[in-house]
Every structure is written in C-alpha cells, then in structure tokens.
file entry-v4.csv (CSV, C-alpha atoms)
chain,number,residue,atom,x,y,z
K,108,MET,CA,79.1,-14.1,3.5
K,109,THR,CA,76.7,-16.8,3.9
K,110,THR,CA,73.3,-16.1,5.3
K,111,GLU,CA,71.9,-18.9,7.2
K,112,SER,CA,68.2,-19.0,6.7
K,113,LYS,CA,66.4,-19.4,9.9
K,114,PRO,CA,63.9,-22.2,10.0
K,115,LYS,CA,60.5,-20.6,9.7
K,116,SER,CA,58.1,-20.9,12.7
K,117,LYS,CA,55.1,-23.0,12.3
K,118,LEU,CA,52.8,-20.0,12.3
K,119,ALA,CA,54.8,-18.2,9.7
K,120,ARG,CA,54.6,-21.3,7.4
K,121,MET,CA,50.8,-21.4,7.8
K,122,LEU,CA,50.4,-17.7,7.3
K,123,PRO,CA,49.6,-17.8,3.6
K,124,THR,CA,47.0,-20.4,4.1
K,125,ILE,CA,45.4,-18.4,7.0
K,126,MET,CA,45.4,-15.3,4.8
K,127,MET,CA,43.5,-17.2,2.2
K,128,ILE,CA,41.0,-18.7,4.5
K,129,LEU,CA,40.3,-15.7,6.7
K,130,PRO,CA,38.4,-13.6,4.1
K,131,MET,CA,36.4,-16.7,3.1
K,132,VAL,CA,35.4,-17.2,6.7
K,133,ALA,CA,34.5,-13.5,7.1
K,134,ILE,CA,32.4,-13.6,3.9
K,135,THR,CA,30.6,-16.7,5.0
K,136,ALA,CA,29.9,-15.3,8.4
K,137,GLY,CA,28.6,-12.1,6.9
K,138,VAL,CA,26.4,-13.7,4.4
K,139,SER,CA,24.9,-16.2,6.9
K,140,SER,CA,24.3,-13.4,9.4
K,141,TRP,CA,22.5,-11.5,6.6
K,142,PHE,CA,20.3,-14.5,6.2
K,143,PHE,CA,19.9,-15.8,9.7
K,144,LEU,CA,20.1,-12.9,12.1
K,145,ASN,CA,16.7,-11.6,10.9
K,146,GLU,CA,17.6,-8.0,10.5
K,147,PRO,CA,14.6,-5.8,10.9
K,148,VAL,CA,13.1,-4.5,7.6
K,149,PRO,CA,13.5,-0.7,7.5
K,150,ARG,CA,10.2,1.1,7.8
K,151,PRO,CA,9.2,2.9,4.6
K,152,GLU,CA,9.8,6.7,4.4
K,153,LEU,CA,6.4,8.1,4.0
K,154,SER,CA,4.9,11.6,3.7
K,155,LYS,CA,4.9,13.5,6.9
K,156,ASN,CA,1.1,13.6,7.1
K,157,ILE,CA,1.0,9.8,7.5
K,158,PHE,CA,1.0,8.2,10.9
K,159,HIS,CA,2.2,4.6,10.4
K,160,PHE,CA,1.2,2.5,13.4
K,161,PRO,CA,4.4,1.2,15.1
K,162,ALA,CA,2.6,-1.9,16.4
K,163,THR,CA,-0.3,-3.9,15.2
K,164,LYS,CA,-3.7,-3.6,16.9
K,165,SER,CA,-7.0,-5.1,15.7
K,166,VAL,CA,-10.0,-3.1,14.8
K,167,PRO,CA,-12.7,-3.8,17.5
K,168,GLU,CA,-16.0,-5.4,16.6
K,169,PHE,CA,-18.6,-3.1,15.0
K,170,GLU,CA,-21.6,-3.5,12.8
K,171,LEU,CA,-22.8,-1.2,10.0
K,172,ALA,CA,-24.8,-1.6,6.8
K,173,ASP,CA,-23.4,-1.2,3.3
K,174,HIS,CA,-25.2,0.7,0.6
K,175,GLN,CA,-26.6,-2.6,-0.8
K,176,GLY,CA,-28.1,-3.3,2.7
K,177,ALA,CA,-25.7,-6.1,3.6
K,178,VAL,CA,-24.0,-6.3,7.0
K,179,PHE,CA,-20.5,-4.7,7.1
K,180,ASP,CA,-18.5,-5.7,10.1
K,181,VAL,CA,-14.9,-6.4,11.2
K,182,GLU,CA,-14.9,-9.6,9.0
K,183,SER,CA,-15.6,-7.4,6.0
K,184,LEU,CA,-12.2,-5.7,6.6
K,185,ARG,CA,-10.3,-9.0,6.1
K,186,GLY,CA,-8.5,-10.0,3.0
K,187,LYS,CA,-8.2,-6.5,1.5
K,188,TRP,CA,-6.5,-3.2,2.3
K,189,SER,CA,-9.3,-0.9,3.3
K,190,PHE,CA,-9.3,2.9,2.8
K,191,LEU,CA,-11.9,4.3,5.2
K,192,PHE,CA,-13.0,7.9,4.8
K,193,PHE,CA,-15.9,9.8,6.3
K,194,GLY,CA,-18.4,12.3,5.0
K,195,TYR,CA,-22.1,12.9,4.2
K,196,THR,CA,-24.2,13.3,1.1
K,197,HIS,CA,-25.5,16.8,2.1
K,198,CYS,CA,-21.9,18.1,1.5
K,199,PRO,CA,-21.7,19.7,-2.0
K,200,ASP,CA,-18.1,20.7,-2.0
K,201,ILE,CA,-15.5,18.6,0.0
K,202,CYS,CA,-17.2,15.2,-0.1
K,203,PRO,CA,-17.7,15.0,-3.9
K,204,THR,CA,-14.1,16.2,-4.3
K,205,THR,CA,-12.8,13.4,-2.0
K,206,LEU,CA,-15.0,10.8,-3.7
K,207,HIS,CA,-13.8,11.9,-7.1
K,208,SER,CA,-10.1,11.5,-5.9
K,209,MET,CA,-10.9,8.1,-4.5
K,210,ALA,CA,-12.4,7.1,-7.8
K,211,GLN,CA,-9.3,8.3,-9.6
K,212,ILE,CA,-7.1,6.2,-7.2
K,213,ILE,CA,-9.2,3.1,-7.9
K,214,ASP,CA,-8.9,3.7,-11.7
K,215,ARG,CA,-5.2,4.4,-11.4
K,216,LEU,CA,-4.5,1.3,-9.4
K,217,GLY,CA,-6.1,-0.9,-12.1
K,218,GLU,CA,-5.5,-4.6,-11.3
K,219,GLU,CA,-3.9,-3.6,-8.0
K,220,ALA,CA,-7.3,-2.2,-6.9
K,221,GLN,CA,-8.4,-5.8,-6.3
K,222,LYS,CA,-6.3,-5.8,-3.2
K,223,THR,CA,-8.2,-2.8,-1.9
K,224,GLN,CA,-11.6,-1.5,-0.9
K,225,PHE,CA,-12.6,2.1,-0.7
K,226,VAL,CA,-15.2,2.7,2.0
K,227,PHE,CA,-17.2,5.9,2.5
K,228,ILE,CA,-18.8,6.1,6.0
K,229,SER,CA,-21.6,8.6,6.5
K,230,VAL,CA,-21.4,10.7,9.7
K,231,ASP,CA,-25.0,11.7,9.0
K,232,PRO,CA,-27.0,8.5,9.3
K,233,GLU,CA,-30.2,10.4,9.9
K,234,ARG,CA,-30.3,11.7,6.3
K,235,ASP,CA,-28.0,9.1,4.7
K,236,THR,CA,-30.0,6.0,4.5
K,237,VAL,CA,-28.9,2.8,2.7
K,238,GLN,CA,-31.1,3.9,-0.2
K,239,ARG,CA,-29.6,7.4,-0.3
K,240,LEU,CA,-26.1,6.0,-0.4
K,241,ALA,CA,-27.1,3.5,-3.1
K,242,GLU,CA,-28.3,6.4,-5.2
K,243,TYR,CA,-25.3,8.7,-4.4
K,244,LEU,CA,-22.1,6.6,-4.5
K,245,PRO,CA,-22.3,4.8,-7.9
K,246,PHE,CA,-22.2,8.3,-9.5
K,247,PHE,CA,-18.6,8.6,-8.3
K,248,HIS,CA,-17.4,5.0,-8.8
K,249,PRO,CA,-19.2,1.6,-8.9
K,250,ASP,CA,-16.6,0.1,-6.5
K,251,ILE,CA,-16.9,2.6,-3.7
K,252,VAL,CA,-18.6,1.0,-0.7
K,253,GLY,CA,-20.9,3.2,1.4
K,254,LEU,CA,-21.7,2.6,5.0
K,255,THR,CA,-24.4,3.8,7.4
K,256,GLY,CA,-26.2,2.6,10.5
K,257,THR,CA,-28.0,3.8,13.5
K,258,PRO,CA,-26.6,7.0,15.0
K,259,ALA,CA,-25.2,4.8,17.9
K,260,GLN,CA,-23.5,2.3,15.5
K,261,VAL,CA,-21.9,5.2,13.5
K,262,GLU,CA,-20.7,6.9,16.6
K,263,GLN,CA,-19.2,3.7,18.0
K,264,PHE,CA,-17.3,3.0,14.7
K,265,ALA,CA,-16.1,6.6,14.3
K,266,LYS,CA,-14.8,6.5,17.9
K,267,ALA,CA,-12.9,3.3,17.2
K,268,MET,CA,-11.3,5.1,14.2
K,269,TRP,CA,-10.5,8.2,16.2
K,270,VAL,CA,-12.7,10.2,13.8
K,271,PRO,CA,-14.5,13.2,15.3
K,272,TYR,CA,-17.6,14.6,13.8
K,273,MET,CA,-20.0,17.3,14.9
K,274,ARG,CA,-23.4,18.5,13.8
K,275,VAL,CA,-23.5,22.2,13.0
K,276,GLU,CA,-27.1,23.7,13.1
K,277,ASN,CA,-28.5,25.9,10.5
K,278,PRO,CA,-30.9,28.3,12.3
K,279,GLU,CA,-32.4,29.6,9.1
K,280,SER,CA,-33.2,26.2,7.7
K,281,PRO,CA,-32.9,23.5,10.4
K,282,ALA,CA,-33.2,20.6,8.0
K,283,ASP,CA,-30.1,21.8,6.2
K,284,TYR,CA,-27.7,21.3,9.1
K,285,ALA,CA,-24.0,20.6,8.2
K,286,MET,CA,-21.6,18.1,9.7
K,287,ASP,CA,-18.0,18.9,10.5
K,288,HIS,CA,-16.0,15.8,10.2
K,289,SER,CA,-12.4,14.4,10.2
K,290,ALA,CA,-10.8,14.7,6.7
K,291,SER,CA,-8.4,11.8,7.5
K,292,VAL,CA,-8.2,8.5,5.6
K,293,LEU,CA,-7.8,5.4,7.8
K,294,LEU,CA,-5.8,2.5,6.3
K,295,ILE,CA,-6.6,-0.9,7.6
K,296,ASP,CA,-4.5,-3.9,6.7
K,297,PRO,CA,-5.8,-7.2,5.3
K,298,HIS,CA,-5.9,-8.7,8.8
K,299,ALA,CA,-8.3,-6.0,10.0
K,300,ARG,CA,-5.7,-4.2,11.9
K,301,TYR,CA,-4.9,-0.4,12.0
K,302,HIS,CA,-2.1,0.3,9.6
K,303,ALA,CA,-2.0,4.1,9.1
K,304,ILE,CA,-3.8,7.4,9.4
K,305,ILE,CA,-3.4,9.6,6.3
K,306,SER,CA,-4.2,13.3,7.1
K,307,PRO,CA,-4.8,16.0,4.6
K,308,PRO,CA,-3.3,17.4,2.4
K,309,TYR,CA,-2.5,14.4,0.2
K,310,THR,CA,-2.6,13.9,-3.5
K,311,VAL,CA,-3.8,11.0,-5.7
K,312,ASP,CA,-0.1,10.3,-6.6
K,313,SER,CA,1.2,10.6,-3.0
K,314,LEU,CA,-1.5,8.4,-1.6
K,315,ILE,CA,-0.8,5.6,-4.2
K,316,GLN,CA,3.0,5.8,-3.7
K,317,ASN,CA,2.8,5.8,0.1
K,318,TRP,CA,0.3,2.9,0.0
K,319,ARG,CA,2.6,0.8,-2.2
K,320,ASP,CA,5.6,1.5,0.1
K,321,MET,CA,3.5,0.4,3.1
K,322,VAL,CA,2.3,-2.8,1.3
K,323,ALA,CA,6.0,-3.6,0.4
K,324,PHE,CA,6.9,-3.2,4.1
K,325,PHE,CA,3.9,-5.2,5.2
K,326,GLU,CA,4.7,-8.1,2.8
K,327,ALA,CA,8.4,-8.1,3.9
K,328,THR,CA,7.4,-8.4,7.6
K,329,HIS,CA,4.6,-10.9,7.3
U,13,MET,CA,-43.8,59.0,-14.6
U,14,PRO,CA,-40.7,61.2,-15.2
U,15,ARG,CA,-39.5,59.9,-11.8
U,16,GLY,CA,-40.0,56.3,-13.0
U,17,ILE,CA,-38.0,57.0,-16.1
U,18,LEU,CA,-35.3,58.7,-14.1
U,19,ALA,CA,-35.1,55.7,-11.7
U,20,GLY,CA,-35.0,53.4,-14.7
U,21,VAL,CA,-32.2,55.3,-16.3
U,22,LEU,CA,-30.3,55.4,-13.1
U,23,CYS,CA,-30.8,51.7,-12.6
U,24,LEU,CA,-29.5,51.0,-16.1
U,25,TRP,CA,-26.6,53.2,-15.6
U,26,SER,CA,-25.6,51.6,-12.3
U,27,MET,CA,-26.1,48.2,-13.7
U,28,SER,CA,-23.7,48.9,-16.6
U,29,VAL,CA,-21.1,50.3,-14.1
U,30,PHE,CA,-21.4,47.1,-12.1
U,31,ALA,CA,-21.4,44.9,-15.2
U,32,GLU,CA,-18.3,46.7,-16.5
U,33,ALA,CA,-16.4,46.3,-13.3
U,34,LEU,CA,-17.4,42.7,-12.5
U,35,THR,CA,-16.4,39.7,-14.7
U,36,VAL,CA,-17.4,36.2,-13.8
U,37,ALA,CA,-15.3,33.7,-15.8
U,38,GLU,CA,-14.7,30.0,-15.9
U,39,ALA,CA,-18.0,29.5,-14.2
U,40,TRP,CA,-19.2,25.9,-13.7
U,41,VAL,CA,-21.4,23.8,-11.5
U,42,ALA,CA,-20.4,20.4,-10.4
U,43,ALA,CA,-22.7,17.7,-11.8
U,44,ALA,CA,-24.3,15.9,-8.8
U,45,PRO,CA,-25.6,12.4,-8.2
U,46,PRO,CA,-29.3,11.7,-8.6
U,47,GLY,CA,-31.5,13.0,-5.8
U,48,GLN,CA,-28.9,15.5,-4.6
U,49,THR,CA,-30.5,18.6,-3.1
U,50,LEU,CA,-27.2,20.6,-2.8
U,51,MET,CA,-24.9,21.5,-5.6
U,52,ALA,CA,-21.7,23.6,-5.8
U,53,GLY,CA,-20.8,26.4,-8.2
U,54,TYR,CA,-17.3,27.6,-8.9
U,55,ALA,CA,-15.9,30.6,-10.9
U,56,ARG,CA,-13.4,33.4,-11.1
U,57,PHE,CA,-14.7,36.7,-9.9
U,58,ILE,CA,-12.7,39.6,-11.2
U,59,ASN,CA,-13.2,43.2,-10.2
U,60,GLN,CA,-11.9,45.3,-13.1
U,61,GLY,CA,-13.2,48.5,-11.8
U,62,GLY,CA,-11.3,51.1,-9.7
U,63,ALA,CA,-13.5,50.7,-6.6
U,64,PRO,CA,-14.2,47.8,-4.3
U,65,LEU,CA,-17.3,45.7,-4.9
U,66,LYS,CA,-19.4,43.9,-2.5
U,67,LEU,CA,-21.6,41.0,-3.5
U,68,THR,CA,-24.4,40.6,-1.0
U,69,HIS,CA,-26.9,38.3,-2.7
U,70,ALA,CA,-27.0,35.5,-5.2
U,71,GLN,CA,-30.1,33.8,-6.7
U,72,SER,CA,-31.1,31.6,-9.5
U,73,ALA,CA,-34.6,30.8,-11.0
U,74,GLN,CA,-33.3,27.2,-11.2
U,75,PHE,CA,-32.8,26.8,-7.5
U,76,GLU,CA,-34.7,27.6,-4.4
U,77,ARG,CA,-31.7,29.4,-2.8
U,78,VAL,CA,-28.1,30.3,-3.6
U,79,GLU,CA,-25.6,31.0,-0.8
U,80,TRP,CA,-21.9,31.6,-0.4
U,81,HIS,CA,-20.1,28.9,1.5
U,82,GLN,CA,-16.5,28.5,2.6
U,83,SER,CA,-15.0,25.0,3.0
U,84,SER,CA,-11.8,24.5,5.0
U,85,VAL,CA,-9.8,21.9,6.8
U,86,GLU,CA,-8.7,23.1,10.2
U,87,ALA,CA,-6.8,20.7,12.5
U,88,GLY,CA,-7.8,17.8,10.3
U,89,MET,CA,-11.5,18.7,10.4
U,90,ALA,CA,-13.4,19.4,7.2
U,91,ARG,CA,-15.8,22.3,7.8
U,92,MET,CA,-18.2,24.3,5.8
U,93,ARG,CA,-19.6,27.7,6.9
U,94,LYS,CA,-22.0,30.2,5.3
U,95,VAL,CA,-20.5,33.5,4.2
U,96,THR,CA,-22.9,36.4,4.0
U,97,GLU,CA,-21.1,38.6,1.4
U,98,ILE,CA,-18.1,38.6,-0.9
U,99,GLY,CA,-15.9,41.6,-1.0
U,100,LEU,CA,-13.7,42.3,-4.1
U,101,ASP,CA,-11.1,45.0,-3.9
U,102,ALA,CA,-10.4,47.0,-7.0
U,103,GLY,CA,-8.5,44.7,-9.4
U,104,GLN,CA,-9.0,41.6,-7.3
U,105,ASP,CA,-9.3,38.2,-8.9
U,106,MET,CA,-10.9,35.7,-6.7
U,107,VAL,CA,-11.1,32.1,-7.6
U,108,LEU,CA,-13.8,29.9,-6.2
U,109,GLU,CA,-12.7,26.2,-6.5
U,110,PRO,CA,-13.4,22.8,-4.9
U,111,GLY,CA,-12.3,22.7,-1.3
U,112,GLY,CA,-12.6,26.5,-0.7
U,113,MET,CA,-15.1,29.2,-1.3
U,114,HIS,CA,-18.1,28.1,-3.4
U,115,LEU,CA,-21.6,28.9,-4.3
U,116,MET,CA,-24.0,26.5,-2.6
U,117,LEU,CA,-27.0,25.9,-4.9
U,118,ILE,CA,-29.9,24.7,-2.7
U,119,LYS,CA,-32.9,22.6,-3.8
U,120,PRO,CA,-32.6,22.4,-7.6
U,121,ARG,CA,-35.8,23.0,-9.6
U,122,GLY,CA,-35.2,20.2,-12.1
U,123,VAL,CA,-32.4,17.8,-12.9
U,124,PHE,CA,-29.2,19.2,-14.3
U,125,LYS,CA,-26.9,17.2,-16.5
U,126,PRO,CA,-23.4,18.0,-17.8
U,127,GLY,CA,-23.7,20.6,-20.5
U,128,ASP,CA,-26.7,22.3,-19.0
U,129,GLN,CA,-26.5,26.1,-18.2
U,130,ILE,CA,-27.4,27.6,-14.9
U,131,LEU,CA,-28.0,31.3,-14.7
U,132,ILE,CA,-27.0,32.9,-11.4
U,133,GLN,CA,-27.8,36.5,-10.7
U,134,PHE,CA,-25.5,38.4,-8.3
U,135,GLN,CA,-26.5,41.6,-6.5
U,136,SER,CA,-24.1,44.2,-5.0
U,137,ASP,CA,-24.6,46.1,-1.8
U,138,ALA,CA,-25.8,49.0,-4.1
U,139,SER,CA,-28.6,46.7,-5.5
U,140,GLU,CA,-26.9,46.4,-8.9
U,141,THR,CA,-27.2,43.1,-10.6
U,142,TYR,CA,-25.0,40.9,-12.8
U,143,THR,CA,-26.0,37.6,-14.3
U,144,ALA,CA,-23.5,34.9,-15.1
U,145,SER,CA,-24.0,31.5,-16.9
U,146,PHE,CA,-22.5,28.5,-15.2
U,147,GLU,CA,-22.0,25.2,-17.2
U,148,VAL,CA,-22.7,21.9,-15.5
U,149,ARG,CA,-19.6,19.7,-15.5
U,150,ARG,CA,-18.3,16.6,-13.9
U,151,VAL,CA,-15.8,17.3,-11.1
U,152,GLY,CA,-12.4,16.8,-12.6
U,153,GLU,CA,-13.2,18.1,-16.0
U,154,GLY,CA,-11.9,21.5,-15.0
U,155,SER,CA,-13.0,25.0,-15.9
U,156,ALA,CA,-13.4,26.5,-19.3
U,157,GLY,CA,-10.3,26.9,-21.4
U,158,SER,CA,-8.1,25.3,-18.8
U,159,SER,CA,-7.6,21.6,-19.4
U,160,THR,CA,-4.8,21.4,-16.9
U,161,HIS,CA,-7.0,22.8,-14.1
U,162,ASP,CA,-7.7,19.4,-12.5
U,163,HIS,CA,-4.0,18.6,-12.6
U,164,HIS,CA,-3.1,21.6,-10.6
U,165,HIS,CA,-5.8,21.0,-8.0
U,166,GLN,CA,-5.5,17.4,-7.1
U,167,HIS,CA,-4.6,18.5,-3.6
U,168,LEU,CA,-7.2,17.2,-1.2
U,169,ASN,CA,-6.5,19.8,1.4
U,170,HIS,CA,-10.0,20.4,2.4
call {"tool": "encode", "arguments": {"input": "entry-v4.csv", "output": "structure tokens"}}
result
Amino acid sequence: MTTESKPKSKLARMLPTIMMILPMVAITAGVSSWFFLNEPVPRPELSKNIFHFPATKSVPEFELADHQGAVFDVESLRGKWSFLFFGYTHCPDICPTTLHSMAQIIDRLGEEAQKTQFVFISVDPERDTVQRLAEYLPFFHPDIVGLTGTPAQVEQFAKAMWVPYMRVENPESPADYAMDHSASVLLIDPHARYHAIISPPYTVDSLIQNWRDMVAFFEATH
Amino acid sequence: MPRGILAGVLCLWSMSVFAEALTVAEAWVAAAPPGQTLMAGYARFINQGGAPLKLTHAQSAQFERVEWHQSSVEAGMARMRKVTEIGLDAGQDMVLEPGGMHLMLIKPRGVFKPGDQILIQFQSDASETYTASFEVRRVGEGSAGSSTHDHHHQHLNH
C-alpha cells in the first residue's frame, strides 16, 4: 500500500513559524504594556491608625512664629516631610513622652532625618511664648521646631489641621488650667500638601516604617 | 501628758502598719526642661497588707503641691484629670507610668537634675504617712532595676 501524502495547506506549512513567533509577540506586548500602560502604583499597606489621603490637597496659608522668633508659614513646609504634633509646655506627662519619642525617631532616622522636620505646635499660646518654647524644646532635641502665635493664629492653623483642643479650667488654681488636645500626628509632604494623619497608638518603630512606605509610594508616583 | 504619749504610741503603731503594708518601688521623677513648673513622678505602689488602702494626700517639701493626675487618650484626644485619691486593694500592685496615672509635682522649690532625690510623703485616709524617695531621671532611662522598661513602653497611646 502506498500512501499518497497530501500536499500540506499553506497555513499548515506556516504553523511552526507562527508557533515560534506568537510567544515572542505576546512577551513583547506584555513587556511594553508593563512599561507604557502606566499601571497605578499600589498604595502602601499601612497601620490601621493611619489615614493616608487618597488625593492631594494643599495646606492653606497660615502664619506662626517658630521658637527662634522667625516666621513659619506654608513655605516653611516645602522641601521636607513635616511631622506636626500638638501640645503645651504645662503638660508634665503626655507631652514630654511624645517629645521624647519624636527625639528618638530623629536619632533613629540619622541621615534620613534631613528629609524631615519635626514640629511641635503649642495649643496654649497664652503661656507658651517664643521664649518659653526656646527654653523648653532643646531639652528634648535640638532639631525639634516649636511653633506658637496669637490665639487666633493658633486656632486657624489647628482648624486647618483638623486638630481640636480645649481649655480645661482648674477652679482651685486658675493659672494652672490644662489643655485637652488631639494626640494625632499630621504628615505633610514636601510640596506642603496633606499626606497622612497618624492617630495613637503608634510606636517609634511603626511610625518610621510607615513613613518609609509612604515616601516610597510618593517617590514612585511623583 | 499620758494621753500625749498614748497618742504618740498609737500614731507610731499605725504608721508602722501602713508602712508595712505599702511599698513604693521603682520611684522616679522625669527630669524637666529649664523653667518647668510642673514635673511628673512615677512608681509602683504595692499594697502587701490584707486590707484595702486609700491614699488621700501627697506632699513634698521640695514642691509647693503634689497631686494625682490621670492622663488618657479618648477618641484621639489627650486629656489629663486630677484624681483625688488612690485606692489600693489588698495585694494590689499599681504601676504609675508615662501616659497614665502619675504624680503631678507642682512648682518646684529649686532645680532638680538627674540623680537628685525627691522625697514624697503619702498620707492614708487614716492619717498614716509613708515617705518614699524618687530619683530624678531622663524620660526613657526607665525605672530602677529594669533596663528594658523603656522598650516595653514605647507605645504612645496617650
């Protein structure tokens, strides 16, 4: 018996070539789409107590004085990551503990700290003058910036930062009133835009790690 | 005169009962920046007696006033409130540490540096007294005999 080999169709003859080319086309398409379709950068997985702003919004104009007596305004927030936290010097327990933790963060960041500024804003401008802050803050860390202003300036800034505070009277000793205040840390990006609100509880380690993740996200998207 | 002696003996007796029951350990005061009019003291208060104790008053010759204060964070707000007395159940071990209950030392009479000792006298509701020595330390240096203290309390939940 003889078998007559059928002449192969054109497509069948080209099949091996197609089989070779197809994966190459697929790979090229895949790689180029990876480069050109501009896939969104995944948002970092942060601690639950961090609100990471979904869109960018600029910090409004404000004016306060730093503990050296210089003007501190929205321009002072540009070029660095700013950690803003609120308190008052007539606060013997919580505020020194927070300031100590911020000092630890600055020391732990080492060189990286040059990208940041740690800013303590007094919610008690009546007692916390520029001079008082200048006396108080260097005890915790020479790089912590202290801000104060007129009561109206402080109120305007705190409102812009969604930071509530409230005077609590001391009937036995009126001069020794206390201030309830938000324990959150506001993170402002180097373009003076809101980036995150960090609510307690947080640790020195978690704050550093979360900040690094947010910086990596920011740098990949800018 | 005999009544005075009796009162004195009774007083000594009650003092020793109180002193036997109460132990104040790991007592320290946070060193404060210059010009600070308020300081905070921390310690462990242990009631080793068989009956509850109530501390109603605290004072120190080195400060104008000593009060109990409770710090807390509620709904994201840091607060501080005066507490009028401290109750210790039999066997209770109460730790005063940064961010919670503390002694508020008001208007120091002098400047205190790390290493200085501050004597604080506590009084019970039965007018018994107990004096404890608090060492001035930088925050973060922890309490006596516990170098890992700061490590465990890095939580800023206050």
call {"tool": "closest_residue", "arguments": {"input": "entry-v4.csv", "among": "K:Pro199, K:Pro278, K:Gly256, K:Pro271", "to": "U:Gly53", "atoms": "all atoms listed in the file"}}
result
K:Pro199
call {"tool": "closest_residue", "arguments": {"input": "entry-v4.csv", "among": "U:Glu97, U:Glu76, U:Glu109, U:Asp137", "to": "chain K", "atoms": "only C-alpha atoms"}}
result
U:Glu109
call {"tool": "closest_residue", "arguments": {"input": "entry-v4.csv", "among": "K:Gln316, K:Thr255, K:Thr163, K:Thr196", "to": "chain U", "atoms": "only C-alpha atoms"}}
result
K:Thr196
call {"tool": "closest_residue", "arguments": {"input": "entry-v4.csv", "among": "U:Ser72, U:Gln60, U:Glu38, U:Glu32", "to": "U:Ile118", "atoms": "all atoms listed in the file"}}
result
U:Ser72
call {"tool": "interface_residues", "arguments": {"input": "entry-v4.csv", "of": "chain U", "to": "chain K", "cutoff": "8 Å", "atoms": "all atoms listed in the file", "output": "MDAnalysis selection string"}}
result
chainID U and resid 44:52 83 85 88:92 110:111 114 116 151:152 166:170
call {"tool": "residues_around", "arguments": {"input": "entry-v4.csv", "residues": "K:His174", "least_positions_apart": "2", "cutoff": "10 Å", "atoms": "all atoms listed in the file", "output": "number ranges by chain"}}
result
K: 171-172, 176-179, 227-228, 235-245, 251-255
call {"tool": "closest_residue", "arguments": {"input": "entry-v4.csv", "among": "U:Ile98, U:Ala55, U:Leu108, U:Met113", "to": "U:Ala70", "atoms": "only C-alpha atoms"}}
result
U:Ile98
call {"tool": "residues_around", "arguments": {"input": "entry-v4.csv", "residues": "K:Leu216", "least_positions_apart": "6", "cutoff": "12 Å", "atoms": "only C-alpha atoms", "output": "list in words"}}
result
Met209, Ala210, Lys222, Thr223, Gln224, Phe225, Val311, Asp312, Leu314, Ile315, Gln316, Trp318 and Arg319 of chain K
call {"tool": "atom_distance", "arguments": {"input": "entry-v4.csv", "atom1": "atom CA of U:Trp80", "atom2": "atom CA of K:Asp231"}}
result
22.2 Å
call {"tool": "closest_residue", "arguments": {"input": "entry-v4.csv", "among": "K:Leu191, K:Leu153, K:Val292, K:Ile128", "to": "K:Asp320", "atoms": "all atoms listed in the file"}}
result
K:Leu153
call {"tool": "residues_near_point", "arguments": {"input": "entry-v4.csv", "point": "(3.0, 12.7, 9.3)", "cutoff": "10 Å", "atoms": "all atoms listed in the file", "output": "NGL selection string"}}
result
:K and (153-159 or 303-307)
call {"tool": "atom_distance", "arguments": {"input": "entry-v4.csv", "atom1": "atom CA of U:Tyr54", "atom2": "atom CA of U:Val107"}}
result
7.8 Å
